[in-house]
Amino acid sequence: MYWNNNVETISRKDLETLQLTKLKKTLQAASVTPFYKKVFTENNINIDAIKTLEHIKDLPFTTKNDLRLSYPDGMVAVPKKMVVRMHASSGTTGKSTVIFYTAKDISDWADLVARCMVATGATQDDVFQNMMGYGLFTGGLGLHYGAEMLGCMVIPSSSGNTLRQIQLIQDFETTIIHITPSYCLHMVEAIRAEGIDPYELTLKKAYLGAEPYSEATRKKIEEQCGIDAYNSYGLSEMNGPGVAFECTYKNGMHIWEDYYIVEIINPETGEVLQPGEEGELVLTHINREAMPILRYRTRDLTRIIPEPCQCGRTHYRIDRIKGRTDDMLIVSGVNVFPSQIETVLMKFPEIGNNYQIILDRENNLDRMHIKVELYSKLFHGDIKEIDHIKSKLKEALKALITINPRIDLLEPGSLPPSEGKAKRVFDNRML
Ligand code: ADP
Ligand code: ZN
């Protein structure tokens with residue numbers, strides 16, 4: 001049931017003691033890096049004065065921009081010869097950032113991933129097909145070593161080449177896939193288009209992560225494939241995948257607090273919020289040699305779920321990521337997250353698995369245009385039916401986001417499929 005019983009069910013009190021010891025060690029390590037040496041001096045930080053976990057608030061935040069400024073190795077805390085690997089973020093919001101790992105960092109990361117997989121009920125009997133991109137992106141290699149450590153048979157298929165992926169699932173009786181939710185939605189369509197019933201396949205679980213998606217999308221994927229889908233959260237600055245993962249209760253992701261100190265802040269003021277309040281996730285990695293990062297502003301919006309989980313793990317859970325602080329769209333003065341629109345779309349059985357949100361400005365007014373594919377079996381081209389679906393969708397969107405978008409319902413397969421992190425929003429207002 002557990003990969004590491006002692007750590008996963010540790011009492012909160014012992015966990016805090018462990019965190020403090022590890023934090024002190026991390027601060028010591030960070031203090032030798034050119035970046036933190038400067039930060040500590042400029043902010044008059046005396047690391048010996050950090051005597052309780054509360055004192056973490058005295059440290060300044062680290063941002064993505066700090067990582068960019070200290071590119072390539074201004075945050076490295078070990079001699080170069082100890083570094084065995086580097087990865088880079090996907091660069092969704094600008095120049096990508098680089099992360100380095102020692103051999104211990106790599107094996108600790110794998111151990112953490114094995115812990116996540118066991119929490120979902122995975123065992124060495126599973127066949128794990130890893131459809132996340134291999135390479136600089138952490139999604140592929142990140143899960144790979146953890147799955148091997150657990151003893152699964154790993155198929156390192158990487159992303160793309162959908163027909164070959166389906167063939168591999170069939171030939172090697174894959175039981176778990178690791179995939180972005182947008183690619184998974186595309187994959188299901190492709191499986192059906194091949195005349196295969198997804199329920200006839202050996203698939204049991206999907207690990208979905210790397211991009212925001214809604215609960216409605218999870219349900220849709222589960223229903224369409226007859227599997228359990230688990231939410232997986234990670235970011236390269238904090239290793240990659242394996243930071244937080246759902247257990248079999250599928251109700252928030254356990255965030256491994258022996259590796260990370262978790263804070264939620266008000267993104268505007270930087271004030272630390274109480275457990276349960278929604279805000280920006282801030283993480284301190286307290287278990288890394290090559291690149292300790294303190295109070296990292298993830299820009300991801302969530303909340304801590306402080307209530308204990310039925311699985312017995314004592315580490316806090318975080319709620320599904322609502323989006324990034326910089327994902328929020330302001331349309332005619334109304335704040336909208338793409339995930340809210342997705343929630344509405346995915347609840348309609350008539351709607352297919354791919355969509356785009358396009359924003360334009362006409363005569364100084366914001367216009368939202370949503371292009372969505374229809375579900376293949378329901379697409380008959382009957383104008384009346386299409387008009388009816390359109391007006392139901394408009395109503396639902398208006399009720400939720402008070403915006404009246406233009407909606408185009410498209411034939412399945414009209415929009416470009418996503419094989420990795422999907423690009424759904426096209427904001428042309430600043431062009
Ligand atoms: P980049 O920041 O360039 O996209 P990464 O590849 O490291 O770099 O991606 C990490 C980011 O992906 C996270 O900060 C978060 O915004 C997003 N992400 C990862 N997993 C999830 C998830 N399960 N739900 C929502 N967003 C996620
Ligand atoms: Zn749990």
# chains A, B, ... in the order shown; residues from 1 in each chain; ligands from 1
call {"tool": "residues_around", "arguments": {"residues": "Arg297 (chain A)", "least_positions_apart": "2", "cutoff": "7 Å", "atoms": "only C-alpha atoms", "output": "PyMOL selection string"}}
result
chain A and resi 61-63+281-283+295+299
call {"tool": "write_last_selection", "arguments": {"atoms": "all heavy atoms", "output": "compact mmCIF listing (two decimals), in the first residue's frame"}}
result
# COMPACT_ATOMS: atom_id res chain seq x y z
N PHE A 61 11.41 35.59 -1.80
CA PHE A 61 10.96 34.59 -2.78
C PHE A 61 12.01 34.45 -3.88
O PHE A 61 12.80 35.36 -4.12
CB PHE A 61 9.65 35.04 -3.44
CG PHE A 61 8.50 35.13 -2.49
CD1 PHE A 61 7.88 36.35 -2.23
CD2 PHE A 61 8.01 33.98 -1.88
CE1 PHE A 61 6.81 36.43 -1.36
CE2 PHE A 61 6.93 34.05 -1.00
CZ PHE A 61 6.33 35.28 -0.74
N THR A 62 11.99 33.30 -4.53
CA THR A 62 12.79 33.11 -5.75
C THR A 62 11.79 33.02 -6.90
O THR A 62 10.76 32.35 -6.77
CB THR A 62 13.61 31.80 -5.67
OG1 THR A 62 14.39 31.83 -4.48
CG2 THR A 62 14.53 31.65 -6.87
N THR A 63 12.07 33.69 -8.01
CA THR A 63 11.12 33.69 -9.13
C THR A 63 11.74 33.04 -10.36
O THR A 63 12.95 32.81 -10.41
CB THR A 63 10.73 35.13 -9.52
OG1 THR A 63 11.92 35.79 -9.99
CG2 THR A 63 10.14 35.90 -8.35
N LEU A 281 0.99 28.85 -5.14
CA LEU A 281 1.80 27.84 -4.47
C LEU A 281 3.27 28.27 -4.48
O LEU A 281 3.81 28.64 -5.52
CB LEU A 281 1.64 26.51 -5.23
CG LEU A 281 2.41 25.30 -4.74
CD1 LEU A 281 1.89 24.86 -3.38
CD2 LEU A 281 2.27 24.16 -5.75
N VAL A 282 3.88 28.22 -3.29
CA VAL A 282 5.30 28.56 -3.15
C VAL A 282 6.00 27.34 -2.55
O VAL A 282 5.55 26.80 -1.54
CB VAL A 282 5.48 29.80 -2.24
CG1 VAL A 282 6.93 30.02 -1.87
CG2 VAL A 282 4.91 31.04 -2.92
N LEU A 283 7.07 26.89 -3.18
CA LEU A 283 7.73 25.66 -2.73
C LEU A 283 9.21 25.87 -2.45
O LEU A 283 9.90 26.56 -3.19
CB LEU A 283 7.59 24.58 -3.81
CG LEU A 283 6.17 24.10 -4.12
CD1 LEU A 283 6.17 23.16 -5.31
CD2 LEU A 283 5.56 23.42 -2.91
N ARG A 295 11.74 29.05 -1.53
CA ARG A 295 10.50 29.83 -1.68
C ARG A 295 10.23 30.18 -3.15
O ARG A 295 10.09 31.34 -3.52
CB ARG A 295 10.55 31.11 -0.83
CG ARG A 295 10.74 30.83 0.65
CD ARG A 295 10.37 32.06 1.47
NE ARG A 295 8.96 32.13 1.77
CZ ARG A 295 8.32 33.25 2.13
NH1 ARG A 295 8.97 34.39 2.18
NH2 ARG A 295 7.04 33.23 2.40
N ARG A 299 3.67 30.26 -9.51
CA ARG A 299 2.63 30.96 -10.27
C ARG A 299 1.38 30.08 -10.47
O ARG A 299 0.46 30.44 -11.18
CB ARG A 299 3.15 31.46 -11.62
CG ARG A 299 4.34 32.40 -11.44
CD ARG A 299 4.76 33.04 -12.71
NE ARG A 299 5.36 32.09 -13.61
CZ ARG A 299 5.82 32.39 -14.81
NH1 ARG A 299 5.72 33.61 -15.26
NH2 ARG A 299 6.37 31.47 -15.57
call {"tool": "residues_near_ligand", "arguments": {"ligand": "ligand 1", "cutoff": "9 Å", "atoms": "only C-alpha atoms and all ligand atoms", "output": "PyMOL selection string"}}
result
chain A and resi 64+88-97+137-139+180+207-214+230-241+244-245+253+298-301+320-324+421
call {"tool": "closest_residue", "arguments": {"among": "A:Cys309, A:Leu415, A:Ile383, A:Leu201", "to": "ligand 2", "atoms": "only C-alpha atoms and all ligand atoms"}}
result
A:Cys309
call {"tool": "closest_residue", "arguments": {"among": "A:Glu289, A:Asp319, A:Glu8, A:Glu246", "to": "ligand 2", "atoms": "only C-alpha atoms and all ligand atoms"}}
result
A:Glu246
call {"tool": "select_by_dssp", "arguments": {"residues": "region 18-248 of chain A", "states": "alpha helix (DSSP H)", "output": "ChimeraX atom specification"}}
result
/A:18-30,34-42,64-69,103-119,138-150,162-172,181-193,215-225
call {"tool": "select_by_dssp", "arguments": {"residues": "region 179-344 of chain A", "states": "strand (DSSP E)", "output": "PyMOL selection string"}}
result
chain A and resi 179+205-209+228-235+240-246+253-255+260-265+279-285+296-302+304-305+317-318+323-324+329-331+334-336
call {"tool": "closest_atom_pairs", "arguments": {"of": "chain A", "to": "ligand 2", "cutoff": "9 Å", "atoms": "only C-alpha atoms and all ligand atoms", "output": "CSV"}}
result
residue,atom,partner,partner_atom_place_in_ligand_line,distance
A:Ala119,CA,ligand 2,1 (Zn),7.5
A:Glu246,CA,ligand 2,1 (Zn),6.7
A:Cys247,CA,ligand 2,1 (Zn),4.7
A:Thr248,CA,ligand 2,1 (Zn),6.7
A:Tyr249,CA,ligand 2,1 (Zn),5.9
A:Lys250,CA,ligand 2,1 (Zn),7.6
A:Asn251,CA,ligand 2,1 (Zn),7.6
A:Gly252,CA,ligand 2,1 (Zn),7.9
A:Met253,CA,ligand 2,1 (Zn),7.6
A:His254,CA,ligand 2,1 (Zn),6.5
A:Pro308,CA,ligand 2,1 (Zn),8.0
A:Cys309,CA,ligand 2,1 (Zn),4.6
A:Gln310,CA,ligand 2,1 (Zn),5.8
A:Cys311,CA,ligand 2,1 (Zn),4.3
A:Gly312,CA,ligand 2,1 (Zn),6.4
A:Arg313,CA,ligand 2,1 (Zn),5.6
A:Thr314,CA,ligand 2,1 (Zn),8.1
A:His315,CA,ligand 2,1 (Zn),8.4
A:Tyr316,CA,ligand 2,1 (Zn),8.8
A:Arg317,CA,ligand 2,1 (Zn),7.7
